[in-house]
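The next block is query.cif, given as mmCIF, C-alpha atoms.
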data_my_file
#
loop_
_atom_site.label_atom_id
_atom_site.label_comp_id
_atom_site.auth_asym_id
_atom_site.auth_seq_id
_atom_site.Cartn_x
_atom_site.Cartn_y
_atom_site.Cartn_z
CA MET A 10 -27.73 107.65 -67.63
CA MET A 11 -27.92 105.18 -64.72
CA ARG A 12 -31.62 105.74 -63.97
CA PRO A 13 -33.05 103.75 -66.91
CA PHE A 14 -30.80 100.79 -66.11
CA LEU A 15 -31.70 100.98 -62.41
CA THR A 16 -35.39 101.10 -63.28
CA ILE A 17 -35.02 98.06 -65.54
CA ALA A 18 -33.18 96.17 -62.80
CA ILE A 19 -35.84 96.97 -60.19
CA LEU A 20 -38.64 95.98 -62.57
CA GLY A 21 -36.80 92.71 -63.26
CA ILE A 22 -36.64 91.91 -59.54
CA ILE A 23 -40.31 92.78 -59.04
CA GLY A 24 -41.24 90.65 -62.05
CA SER A 25 -39.35 87.63 -60.77
CA LEU A 26 -41.02 87.90 -57.35
CA ALA A 27 -44.44 88.26 -58.95
CA HIS A 28 -43.93 84.98 -60.83
CA ALA A 29 -42.49 83.12 -57.84
CA ASP A 30 -44.93 80.75 -56.14
CA ASN A 31 -45.74 80.95 -52.50
CA TRP A 32 -46.23 77.47 -51.06
CA PRO A 33 -49.30 78.14 -48.92
CA ALA A 34 -50.48 74.60 -48.17
CA TRP A 35 -49.63 70.95 -48.14
CA ARG A 36 -49.03 70.03 -51.82
CA GLY A 37 -48.60 73.64 -52.87
CA PRO A 38 -50.68 76.47 -54.37
CA ARG A 39 -52.89 74.19 -56.49
CA GLY A 40 -53.07 71.26 -54.09
CA ASP A 41 -51.62 68.89 -56.69
CA GLY A 42 -47.87 68.79 -55.95
CA SER A 43 -46.97 70.99 -58.93
CA SER A 44 -45.06 74.28 -59.04
CA SER A 45 -44.41 76.83 -61.80
CA GLU A 46 -40.92 77.46 -60.38
CA ARG A 47 -37.95 77.28 -62.76
CA ASN A 48 -34.21 76.90 -62.22
CA LEU A 49 -34.54 75.15 -58.88
CA PRO A 50 -31.35 73.62 -57.46
CA LEU A 51 -30.44 70.31 -59.06
CA THR A 52 -27.71 69.13 -56.67
CA TRP A 53 -27.01 69.66 -52.98
CA SER A 54 -25.81 67.87 -49.85
CA ALA A 55 -25.84 68.46 -46.10
CA THR A 56 -23.24 71.20 -46.66
CA ASP A 57 -23.17 72.13 -50.36
CA GLY A 58 -25.91 74.39 -51.68
CA VAL A 59 -27.33 75.05 -48.20
CA ARG A 60 -28.30 78.68 -47.59
CA TRP A 61 -29.15 77.94 -43.96
CA LYS A 62 -30.43 75.19 -41.69
CA ALA A 63 -32.48 75.66 -38.55
CA PRO A 64 -32.48 73.10 -35.71
CA LEU A 65 -35.81 71.49 -34.85
CA PRO A 66 -36.67 70.36 -31.30
CA GLU A 67 -38.10 66.91 -32.13
CA PRO A 68 -38.81 64.61 -35.10
CA GLY A 69 -41.72 65.48 -37.36
CA ASN A 70 -43.34 64.49 -40.67
CA SER A 71 -45.15 67.71 -41.63
CA THR A 72 -44.11 69.84 -44.58
CA PRO A 73 -43.33 73.57 -44.21
CA ILE A 74 -45.43 76.20 -45.96
CA ILE A 75 -44.04 79.50 -47.28
CA TRP A 76 -45.60 82.91 -47.77
CA GLY A 77 -43.42 85.91 -48.57
CA ASP A 78 -40.72 86.22 -45.91
CA ARG A 79 -42.29 83.69 -43.53
CA ILE A 80 -42.05 79.91 -43.19
CA PHE A 81 -44.54 78.05 -41.00
CA LEU A 82 -44.22 74.53 -39.60
CA THR A 83 -46.12 72.33 -37.16
CA GLN A 84 -44.05 70.64 -34.46
CA ALA A 85 -44.65 68.16 -31.63
CA LEU A 86 -43.03 68.95 -28.28
CA ASP A 87 -42.57 66.55 -25.34
CA GLY A 88 -43.64 63.66 -27.56
CA GLY A 89 -46.93 65.36 -28.42
CA LYS A 90 -47.98 66.53 -24.96
CA ARG A 91 -47.53 70.00 -26.41
CA ARG A 92 -48.10 70.96 -30.07
CA ALA A 93 -46.73 74.04 -31.73
CA LEU A 94 -47.01 76.25 -34.76
CA LEU A 95 -43.54 77.64 -35.54
CA ALA A 96 -42.64 80.65 -37.69
CA PHE A 97 -39.19 81.18 -39.26
CA ASP A 98 -37.58 84.08 -41.07
CA ARG A 99 -37.29 83.04 -44.69
CA ILE A 100 -34.01 84.90 -45.27
CA THR A 101 -32.03 83.75 -42.21
CA GLY A 102 -33.84 80.66 -40.90
CA LYS A 103 -34.19 82.25 -37.47
CA GLU A 104 -37.20 81.11 -35.45
CA LEU A 105 -39.42 84.16 -34.97
CA TRP A 106 -42.14 82.79 -32.73
CA ARG A 107 -44.01 79.67 -31.68
CA HIS A 108 -47.58 79.22 -30.50
CA VAL A 109 -47.87 76.19 -28.20
CA VAL A 110 -51.05 74.26 -27.39
CA PRO A 111 -51.20 71.59 -24.64
CA CYS A 112 -52.72 68.20 -25.46
CA SER A 113 -54.24 66.43 -22.46
CA VAL A 114 -55.55 63.46 -24.46
CA GLN A 115 -53.36 60.35 -24.36
CA GLU A 116 -53.22 59.63 -28.08
CA THR A 117 -51.65 56.60 -29.72
CA THR A 118 -49.65 56.54 -32.93
CA HIS A 119 -47.07 54.66 -34.97
CA LYS A 120 -43.42 55.28 -34.06
CA GLN A 121 -42.88 56.60 -37.61
CA ASN A 122 -45.76 59.05 -37.34
CA PRO A 123 -45.03 61.62 -34.61
CA PRO A 124 -47.90 63.95 -33.63
CA CYS A 125 -48.40 67.08 -35.76
CA SER A 126 -47.99 65.29 -39.10
CA GLY A 127 -50.47 67.64 -40.75
CA SER A 128 -49.08 70.78 -42.41
CA PRO A 129 -50.44 74.28 -41.72
CA VAL A 130 -52.20 76.42 -44.34
CA THR A 131 -52.29 80.18 -44.98
CA ASP A 132 -54.12 82.78 -47.05
CA GLY A 133 -51.36 85.36 -46.57
CA LYS A 134 -53.22 87.01 -43.70
CA ALA A 135 -53.51 84.25 -41.10
CA VAL A 136 -52.06 80.78 -40.66
CA TYR A 137 -54.11 77.78 -39.51
CA ALA A 138 -52.85 74.57 -37.90
CA GLN A 139 -54.69 71.38 -36.98
CA PHE A 140 -53.48 69.46 -33.90
CA ALA A 141 -55.90 66.47 -33.72
CA SER A 142 -57.06 66.16 -30.07
CA ALA A 143 -55.55 69.60 -29.31
CA GLY A 144 -57.88 71.29 -31.81
CA ILE A 145 -57.30 73.94 -34.46
CA VAL A 146 -55.62 77.33 -34.01
CA ALA A 147 -55.47 80.47 -36.16
CA CYS A 148 -52.63 82.97 -35.71
CA ASP A 149 -51.62 86.12 -37.51
CA PHE A 150 -48.16 86.43 -39.06
CA ASP A 151 -46.78 87.96 -35.83
CA GLY A 152 -47.88 85.00 -33.73
CA LYS A 153 -50.97 86.55 -32.16
CA LEU A 154 -53.70 83.99 -31.51
CA LEU A 155 -56.83 84.89 -33.48
CA TRP A 156 -58.97 81.97 -32.37
CA GLN A 157 -58.76 78.38 -31.15
CA ARG A 158 -61.27 75.52 -31.41
CA ASP A 159 -61.42 72.28 -29.47
CA LEU A 160 -62.89 69.60 -31.75
CA GLY A 161 -62.79 66.86 -29.12
CA PRO A 162 -60.49 63.88 -28.67
CA ILE A 163 -59.57 61.66 -31.62
CA VAL A 164 -57.67 58.43 -30.99
CA SER A 165 -56.36 56.15 -33.73
CA ARG A 166 -53.92 53.27 -33.55
CA TRP A 167 -51.60 55.02 -36.06
CA GLY A 168 -52.28 58.64 -35.12
CA ASN A 169 -53.34 61.38 -37.51
CA GLY A 170 -51.98 63.05 -40.62
CA SER A 171 -54.60 65.14 -42.44
CA SER A 172 -53.92 68.81 -43.20
CA PRO A 173 -56.53 71.59 -43.25
CA ILE A 174 -57.41 73.36 -46.52
CA LEU A 175 -58.96 76.76 -47.28
CA TYR A 176 -62.01 77.39 -49.42
CA ASN A 177 -63.38 80.92 -49.78
CA ASP A 178 -64.03 82.00 -46.16
CA LEU A 179 -63.80 78.46 -44.75
CA VAL A 180 -61.15 76.34 -43.07
CA ILE A 181 -62.04 72.73 -43.88
CA ALA A 182 -60.51 69.90 -41.84
CA PHE A 183 -60.84 66.13 -41.50
CA HIS A 184 -60.95 65.24 -37.80
CA GLY A 185 -59.95 61.61 -37.97
CA PRO A 186 -59.43 58.75 -38.28
CA GLY A 187 -60.39 57.18 -34.99
CA GLU A 188 -62.80 57.31 -32.08
CA PRO A 189 -64.99 58.59 -30.57
CA ASP A 190 -66.00 60.81 -33.52
CA THR A 191 -64.62 61.16 -37.04
CA PHE A 192 -65.93 63.99 -39.22
CA LEU A 193 -65.31 66.63 -41.85
CA ILE A 194 -65.82 70.16 -40.53
CA ALA A 195 -65.85 73.66 -42.00
CA LEU A 196 -64.99 76.62 -39.77
CA GLU A 197 -65.34 80.30 -40.53
CA LYS A 198 -61.84 81.68 -41.19
CA GLN A 199 -62.33 84.87 -39.18
CA THR A 200 -63.89 83.39 -36.03
CA GLY A 201 -63.53 79.60 -35.99
CA LYS A 202 -67.32 79.24 -35.87
CA THR A 203 -68.68 75.92 -37.17
CA MET A 204 -70.38 76.41 -40.55
CA TRP A 205 -71.06 72.74 -41.25
CA LYS A 206 -70.09 69.30 -39.94
CA THR A 207 -70.45 65.91 -41.67
CA LYS A 208 -69.95 62.73 -39.65
CA GLU A 209 -68.00 59.79 -41.06
CA THR A 210 -67.36 56.25 -39.80
CA ALA A 211 -65.39 56.24 -36.54
CA ILE A 212 -63.33 53.07 -35.96
CA ASN A 213 -60.01 52.76 -34.15
CA SER A 214 -58.27 49.96 -36.01
CA PRO A 215 -54.74 49.40 -37.37
CA VAL A 216 -56.25 48.39 -40.73
CA PHE A 217 -58.91 51.08 -41.12
CA GLY A 218 -58.69 54.81 -41.64
CA SER A 219 -57.85 57.77 -43.85
CA TRP A 220 -54.85 59.98 -43.17
CA SER A 221 -55.51 61.89 -46.36
CA THR A 222 -56.31 65.54 -47.05
CA PRO A 223 -59.34 66.67 -49.08
CA ILE A 224 -59.02 68.59 -52.35
CA ILE A 225 -61.29 71.09 -54.09
CA VAL A 226 -62.15 70.37 -57.74
CA LYS A 227 -64.11 72.70 -60.00
CA VAL A 228 -66.75 70.82 -62.01
CA GLY A 229 -68.58 72.97 -64.52
CA SER A 230 -70.18 75.84 -62.61
CA HIS A 231 -69.71 74.40 -59.13
CA ASP A 232 -66.94 73.19 -56.83
CA GLU A 233 -66.63 69.79 -55.17
CA LEU A 234 -64.76 68.77 -52.04
CA VAL A 235 -63.28 65.31 -52.71
CA MET A 236 -62.06 63.04 -49.92
CA PRO A 237 -61.00 59.35 -49.87
CA LEU A 238 -62.46 57.43 -46.93
CA PRO A 239 -62.23 53.84 -45.69
CA GLY A 240 -65.89 52.89 -45.97
CA GLU A 241 -68.19 51.67 -43.23
CA LYS A 242 -66.51 48.57 -41.83
CA VAL A 243 -63.11 46.94 -41.42
CA GLY A 244 -62.47 44.72 -44.44
CA GLY A 245 -64.95 46.57 -46.65
CA GLU A 246 -64.38 48.77 -49.67
CA GLY A 247 -63.02 52.27 -49.33
CA LEU A 248 -64.72 55.19 -51.03
CA PHE A 249 -64.18 58.39 -52.89
CA LYS A 250 -66.76 60.94 -51.73
CA GLY A 251 -67.67 64.27 -53.27
CA TYR A 252 -69.28 66.99 -51.12
CA ASP A 253 -70.61 70.48 -51.60
CA PRO A 254 -67.84 72.51 -49.88
CA ASN A 255 -70.35 75.23 -48.95
CA THR A 256 -72.69 72.96 -47.02
CA GLY A 257 -70.94 69.61 -46.41
CA LYS A 258 -73.75 67.79 -48.22
CA GLU A 259 -72.63 64.54 -49.86
CA LEU A 260 -73.05 64.70 -53.63
CA TRP A 261 -71.65 61.37 -54.80
CA SER A 262 -69.57 58.36 -53.83
CA CYS A 263 -67.42 55.87 -55.73
CA ARG A 264 -66.40 52.46 -54.38
CA GLY A 265 -63.15 50.58 -54.99
CA LEU A 266 -60.45 51.95 -52.68
CA GLY A 267 -58.87 50.02 -49.82
CA ASN A 268 -59.56 50.47 -46.11
CA GLU A 269 -56.32 52.42 -45.50
CA ILE A 270 -55.55 55.63 -47.38
CA TYR A 271 -52.53 57.82 -46.66
CA ALA A 272 -52.12 59.79 -49.90
CA MET A 273 -53.99 62.91 -50.96
CA PRO A 274 -56.18 62.53 -54.07
CA THR A 275 -54.27 63.47 -57.22
CA VAL A 276 -56.08 65.57 -59.82
CA ASN A 277 -54.97 66.17 -63.40
CA ALA A 278 -54.43 69.57 -65.02
CA THR A 279 -57.86 69.69 -66.65
CA ARG A 280 -59.53 68.75 -63.34
CA ASP A 281 -61.58 65.97 -64.91
CA LEU A 282 -59.79 62.93 -63.47
CA ILE A 283 -58.94 62.16 -59.84
CA VAL A 284 -56.77 59.23 -58.76
CA GLY A 285 -57.00 57.71 -55.29
CA ILE A 286 -54.11 55.72 -53.83
CA SER A 287 -54.72 53.03 -51.22
CA GLY A 288 -52.12 52.05 -48.68
CA HIS A 289 -51.45 48.54 -47.36
CA ASN A 290 -51.14 47.03 -50.87
CA GLY A 291 -54.58 48.30 -51.87
CA PRO A 292 -55.83 49.41 -55.30
CA LEU A 293 -55.52 52.59 -57.32
CA VAL A 294 -58.83 54.08 -58.44
CA ALA A 295 -59.46 56.75 -61.09
CA VAL A 296 -62.79 58.58 -61.07
CA LYS A 297 -64.39 61.48 -62.90
CA PRO A 298 -65.79 64.13 -60.55
CA GLY A 299 -69.43 65.08 -60.79
CA GLY A 300 -72.51 62.93 -60.78
CA LYS A 301 -75.03 62.10 -58.09
CA GLY A 302 -75.37 59.21 -55.68
CA ASP A 303 -73.32 56.06 -56.23
CA VAL A 304 -71.27 56.78 -59.37
CA THR A 305 -69.16 53.61 -59.29
CA ALA A 306 -70.71 52.27 -62.48
CA THR A 307 -70.82 55.57 -64.35
CA HIS A 308 -67.78 57.64 -63.28
CA ARG A 309 -65.12 55.13 -62.25
CA VAL A 310 -62.65 55.08 -65.14
CA TRP A 311 -60.41 52.24 -63.94
CA ARG A 312 -59.32 50.31 -60.87
CA ALA A 313 -55.83 48.78 -60.59
CA ALA A 314 -55.80 46.07 -57.95
CA GLY A 315 -53.67 42.94 -57.83
CA LYS A 316 -50.22 42.74 -56.22
CA ASN A 317 -49.69 46.40 -55.40
CA PRO A 318 -46.85 47.54 -53.11
CA GLN A 319 -47.35 49.61 -49.97
CA ARG A 320 -47.97 53.25 -50.92
CA VAL A 321 -47.80 56.26 -48.59
CA GLY A 322 -46.89 59.34 -50.64
CA SER A 323 -49.12 61.28 -53.02
CA ALA A 324 -48.67 61.21 -56.80
CA VAL A 325 -48.42 63.95 -59.45
CA PHE A 326 -49.67 64.46 -62.98
CA HIS A 327 -47.42 65.99 -65.63
CA ASP A 328 -47.90 66.21 -69.41
CA GLY A 329 -50.56 63.51 -69.46
CA ARG A 330 -48.69 61.03 -67.27
CA LEU A 331 -49.11 60.00 -63.64
CA TYR A 332 -46.04 59.52 -61.41
CA LEU A 333 -46.21 57.53 -58.21
CA ALA A 334 -43.63 56.56 -55.59
CA ASP A 335 -43.92 53.16 -53.93
CA ALA A 336 -42.84 52.69 -50.32
CA PRO A 337 -40.37 49.84 -51.14
CA GLY A 338 -38.30 52.32 -53.19
CA THR A 339 -39.64 52.22 -56.76
CA LEU A 340 -40.95 55.03 -58.93
CA GLU A 341 -43.72 54.38 -61.47
CA CYS A 342 -44.92 56.23 -64.53
CA ILE A 343 -48.55 55.32 -65.21
CA ASP A 344 -50.89 55.91 -68.14
CA PRO A 345 -53.81 57.76 -66.46
CA LYS A 346 -56.22 56.67 -69.17
CA THR A 347 -55.83 52.98 -68.33
CA GLY A 348 -53.92 52.67 -65.05
CA GLU A 349 -51.26 50.60 -66.81
CA PRO A 350 -47.58 51.28 -65.96
CA LEU A 351 -45.41 52.86 -68.68
CA TRP A 352 -42.23 52.25 -66.68
CA LYS A 353 -41.23 51.26 -63.18
CA GLU A 354 -37.70 51.66 -61.83
CA ARG A 355 -35.94 51.05 -58.54
CA LEU A 356 -34.43 54.05 -56.77
CA ASP A 357 -33.16 53.40 -53.25
CA GLY A 358 -34.33 53.27 -49.65
CA ASN A 359 -37.95 53.67 -48.61
CA LEU A 360 -40.05 56.21 -50.47
CA TRP A 361 -42.73 57.78 -48.28
CA GLY A 362 -42.43 61.34 -49.53
CA SER A 363 -44.99 62.71 -51.97
CA ILE A 364 -43.66 63.69 -55.40
CA LEU A 365 -43.11 67.31 -56.42
CA VAL A 366 -43.00 68.34 -60.08
CA ALA A 367 -41.42 71.61 -61.25
CA ASP A 368 -39.76 72.72 -64.50
CA GLY A 369 -40.13 69.25 -66.04
CA LYS A 370 -38.42 67.53 -63.11
CA LEU A 371 -39.64 65.16 -60.43
CA TYR A 372 -38.38 65.47 -56.85
CA VAL A 373 -38.92 62.75 -54.26
CA SER A 374 -37.15 61.93 -50.99
CA ASN A 375 -36.63 58.64 -49.17
CA LEU A 376 -36.79 58.10 -45.42
CA GLU A 377 -33.03 57.79 -45.27
CA GLY A 378 -32.54 61.44 -46.25
CA GLU A 379 -31.77 61.29 -49.97
CA THR A 380 -33.69 63.29 -52.58
CA PHE A 381 -33.85 61.99 -56.15
CA VAL A 382 -34.33 64.32 -59.11
CA LEU A 383 -35.64 62.77 -62.33
CA ALA A 384 -36.76 63.97 -65.73
CA ALA A 385 -40.53 63.85 -66.09
CA GLY A 386 -41.03 61.97 -69.33
CA PRO A 387 -41.90 58.73 -71.11
CA LYS A 388 -38.55 57.15 -70.17
CA PHE A 389 -36.78 56.80 -66.84
CA LYS A 390 -33.94 59.30 -66.47
CA LEU A 391 -32.27 59.96 -63.13
CA LEU A 392 -30.67 63.42 -63.01
CA ALA A 393 -29.30 63.69 -59.48
CA ARG A 394 -29.09 62.08 -56.04
CA ASN A 395 -28.81 64.49 -53.12
CA LYS A 396 -27.94 63.08 -49.72
CA ILE A 397 -28.47 64.91 -46.46
CA ALA A 398 -28.49 61.64 -44.47
CA GLU A 399 -31.00 62.73 -41.84
CA PRO A 400 -34.35 60.91 -41.51
CA THR A 401 -36.74 62.65 -43.94
CA TYR A 402 -40.45 61.87 -43.88
CA ALA A 403 -41.75 65.25 -45.06
CA THR A 404 -42.27 66.30 -48.67
CA LEU A 405 -40.25 69.11 -50.24
CA ALA A 406 -41.64 72.64 -50.50
CA VAL A 407 -40.42 75.16 -53.09
CA SER A 408 -40.65 78.92 -53.47
CA ASP A 409 -38.73 81.68 -55.26
CA GLY A 410 -35.95 79.41 -56.52
CA GLU A 411 -35.39 77.66 -53.20
CA ILE A 412 -36.15 74.16 -51.91
CA PHE A 413 -37.11 73.60 -48.29
CA VAL A 414 -36.36 70.20 -46.76
CA ARG A 415 -37.70 69.22 -43.34
CA THR A 416 -35.72 66.38 -41.72
CA TYR A 417 -36.02 64.97 -38.22
CA GLN A 418 -33.23 67.29 -37.04
CA HIS A 419 -33.37 70.44 -39.19
CA LEU A 420 -35.26 72.64 -41.59
CA TYR A 421 -32.98 73.24 -44.62
CA CYS A 422 -33.13 76.03 -47.18
CA ILE A 423 -31.46 74.85 -50.41
CA GLY A 424 -30.61 77.53 -52.95
CA LYS A 425 -28.10 79.90 -54.44
CA ALA A 426 -26.69 82.72 -52.32
CA LYS A 427 -28.69 85.96 -52.59
#

Just give me the structure as structure tokens.
Amino acid sequence: MMRPFLTIAILGIIGSLAHADNWPAWRGPRGDGSSSERNLPLTWSATDGVRWKAPLPEPGNSTPIIWGDRIFLTQALDGGKRRALLAFDRITGKELWRHVVPCSVQETTHKQNPPCSGSPVTDGKAVYAQFASAGIVACDFDGKLLWQRDLGPIVSRWGNGSSPILYNDLVIAFHGPGEPDTFLIALEKQTGKTMWKTKETAINSPVFGSWSTPIIVKVGSHDELVMPLPGEKVGGEGLFKGYDPNTGKELWSCRGLGNEIYAMPTVNATRDLIVGISGHNGPLVAVKPGGKGDVTATHRVWRAAGKNPQRVGSAVFHDGRLYLADAPGTLECIDPKTGEPLWKERLDGNLWGSILVADGKLYVSNLEGETFVLAAGPKFKLLARNKIAEPTYATLAVSDGEIFVRTYQHLYCIGKAK
């Protein structure tokens, strides 16, 4: 009599795992900050609701990625003289292995942007990490080095921050901003061989550069690689650019962004509207993908300039609304059809983290180590404030009912006991 009940129980467990998202890349499985997870923790602290916490050797801004029973994280060592890809056991938080790469280039950066700010990416077979002047590495899940590529030195006043993405059999990375060479590059996943390389403007300036990550958008029967870039000169207009991800050929460009871009482009659910977020008080720009050549006059939907605050984190779409965190500590709900704010409310601290949306809730952390949970809707509704009180520059990652928080001291797993 027990066998039918046991079978039902096992099938229930398998079903729940099948519907649980891995978090394979910066900004999640769809590259847009959204998750299909439900029943995530609502409240926690540095002690309550913590399944485990793992000590980290130095400060870092990168977000962990999760696949199955593995968590991967990039980490600077010795202030960036060495750069590492770390693997943790998802159940216990134990560090399983680390692959360390020396960096002989004397890079510069902002004190709030330690080296290794870019997150790794995985396809479930290998994991790839980008280390700026220390190149790109590919490792298997047991820590064996599969290949390593030196892309040359890259020096920027404020360091680097872009994360690699995967597309079919390609690893695509933005090697920039800075000098002597800034470029987009596609490497073969299996070997690290260069498949294409597209040069962009190389300037080392504190008011010029993109620390963003590209995104793939399907447009009709083809895909486009979309990347925000700072233009061709300091003080000029920044650009959205669309490329063929198979060849690196530029398809279109749209003017109107600022000369500093930190956030990843935000794409809506129907993949027909992309919003770019400028830093340093620059404008928001909404553009339709597709087109050829300069599409500023034909595909730019709106541009919101004026007295904008500093913006670092990436936004999210949910149910036809756009949500955006401002660095001075405010959260905005924006009408994506017009760019006009629907509401804007003060939270607390400094909001650099990108927003996560799951199960109708918004999650965003401030630098001071507090995560706010809000209802995603037409009116402002704060649901919870969760204080860990450790510097937190990374964005949350979620998988299988758990939230992973990377602070400057620890990697936390927040969730119910299993």

Which residues of range 247-308 of chain A sit at most 7 Å from range 216-227 of chain A, using only C-alpha atoms? Give each one's shortest atom pair and distance in Å (one decimal place), in chain and ascending residue order, as JSON lines.
{"residue": "A:Asn268", "atom": "CA", "partner": "A:Phe217", "partner_atom": "CA", "distance": 5.1}
{"residue": "A:Glu269", "atom": "CA", "partner": "A:Gly218", "partner_atom": "CA", "distance": 5.1}
{"residue": "A:Ile270", "atom": "CA", "partner": "A:Ser219", "partner_atom": "CA", "distance": 4.7}
{"residue": "A:Tyr271", "atom": "CA", "partner": "A:Trp220", "partner_atom": "CA", "distance": 4.7}
{"residue": "A:Ala272", "atom": "CA", "partner": "A:Ser221", "partner_atom": "CA", "distance": 5.3}
{"residue": "A:Met273", "atom": "CA", "partner": "A:Ser221", "partner_atom": "CA", "distance": 5.0}
{"residue": "A:Pro274", "atom": "CA", "partner": "A:Ile224", "partner_atom": "CA", "distance": 6.9}
{"residue": "A:Arg280", "atom": "CA", "partner": "A:Val226", "partner_atom": "CA", "distance": 6.4}

Using the chain letters and numbering of this document, enumerate as number ranges by chain the residues selected by the PyMOL selection byres ((chain A and resi 412) around 9).
A: 49-50, 405-411, 413-414, 421-424

Give me the result of the PyMOL selection byres ((chain A and resi 340) around 6) on this file, residue by residue, as number ranges by chain.
A: 333-334, 339, 341, 353-354

Output of the PyMOL selection byres ((chain A and resi 53) around 9), listed as a PyMOL selection string:
chain A and resi 50-52+54-59+394-397+423-424

Calculated over only C-alpha atoms, which of the candidates A:Leu260, A:Val228, A:Cys148, A:Leu266 has the smallest distance to Gly245 in chain A?
A:Leu266

Atomic distance CA of Ile80 in chain A - CA of Leu392 in chain A, expressed in Å with one decimal
28.2 Å

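As for CA of Leu196 in chain A and CA of Thr404 in chain A, they are spaced 26.5 Å apart.
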
Pick out the closest residue to Gly267 in chain A from this set: A:Ala324, A:Leu282, A:Leu82, A:Ala313. Count all atoms listed in the file.
A:Ala313

Give the answer as one residue: which of A:Pro129, A:Pro124, A:Gly152, A:Gly37 has the shortest atom-to-atom distance to Leu105 in chain A, using all atoms listed in the file?
A:Gly152

The residue from A:Gly127, A:Pro68, A:Gly288, A:Pro38 with the smallest atom-to-atom distance to Leu94 in chain A, counting all atoms listed in the file, is A:Gly127

Atom pair CA of Leu193 in chain A / CA of Leu248 in chain A: separation (Å):
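Here the two named atoms are 14.7 Å from each other.
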
Counting only C-alpha atoms, find residues at most 9 Å from (-62.5, 65.1, -65.4) (file frame) and give them as a list in words.
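Nearby residues: Val228, Val276, Asn277, Thr279, Arg280, Asp281, Leu282, Ile283, Val296, Lys297, Pro298 and Gly299 of chain A.
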
Residues at most 6 Å from range 30-34 of chain A, counting all atoms listed in the file, excluding those fewer than 6 positions away in the same chain, as a list of chain:residue names?
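Near neighbours after the sequence-gap exclusion: A:Ile74, A:Ile75, A:Trp76, A:Val130, A:Thr131, A:Ser408.
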
Option closest in space to Lys153 in chain A, from A:Leu331, A:Ala96, A:Gly40, A:Ala63 [counting only C-alpha atoms]
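Distance minimum relative to Lys153 in chain A lands on A:Ala96.
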
Using all atoms listed in the file, which of the listed residues (A:Pro292, A:Pro123, A:Gly315, A:Pro173) sits closest to Lys90 in chain A?
A:Pro123

Each side padded by 4 Å, which centre and which edge lengths in Å (one decimal) define the axis-aligned box around the listed atoms of range 370-377 of chain A? Give them as lines of an AutoDock Vina configuration file.
center_x = -36.3
center_y = 62.7
center_z = -54.2
size_x = 14.6
size_y = 17.7
size_z = 25.8

Please provide as a PyMOL selection string all residues within 7 Å of Ala367 in chain A, with the sequence filter that same-chain residues fewer than 5 positions apart are discarded (counting only C-alpha atoms).
chain A and resi 43-47
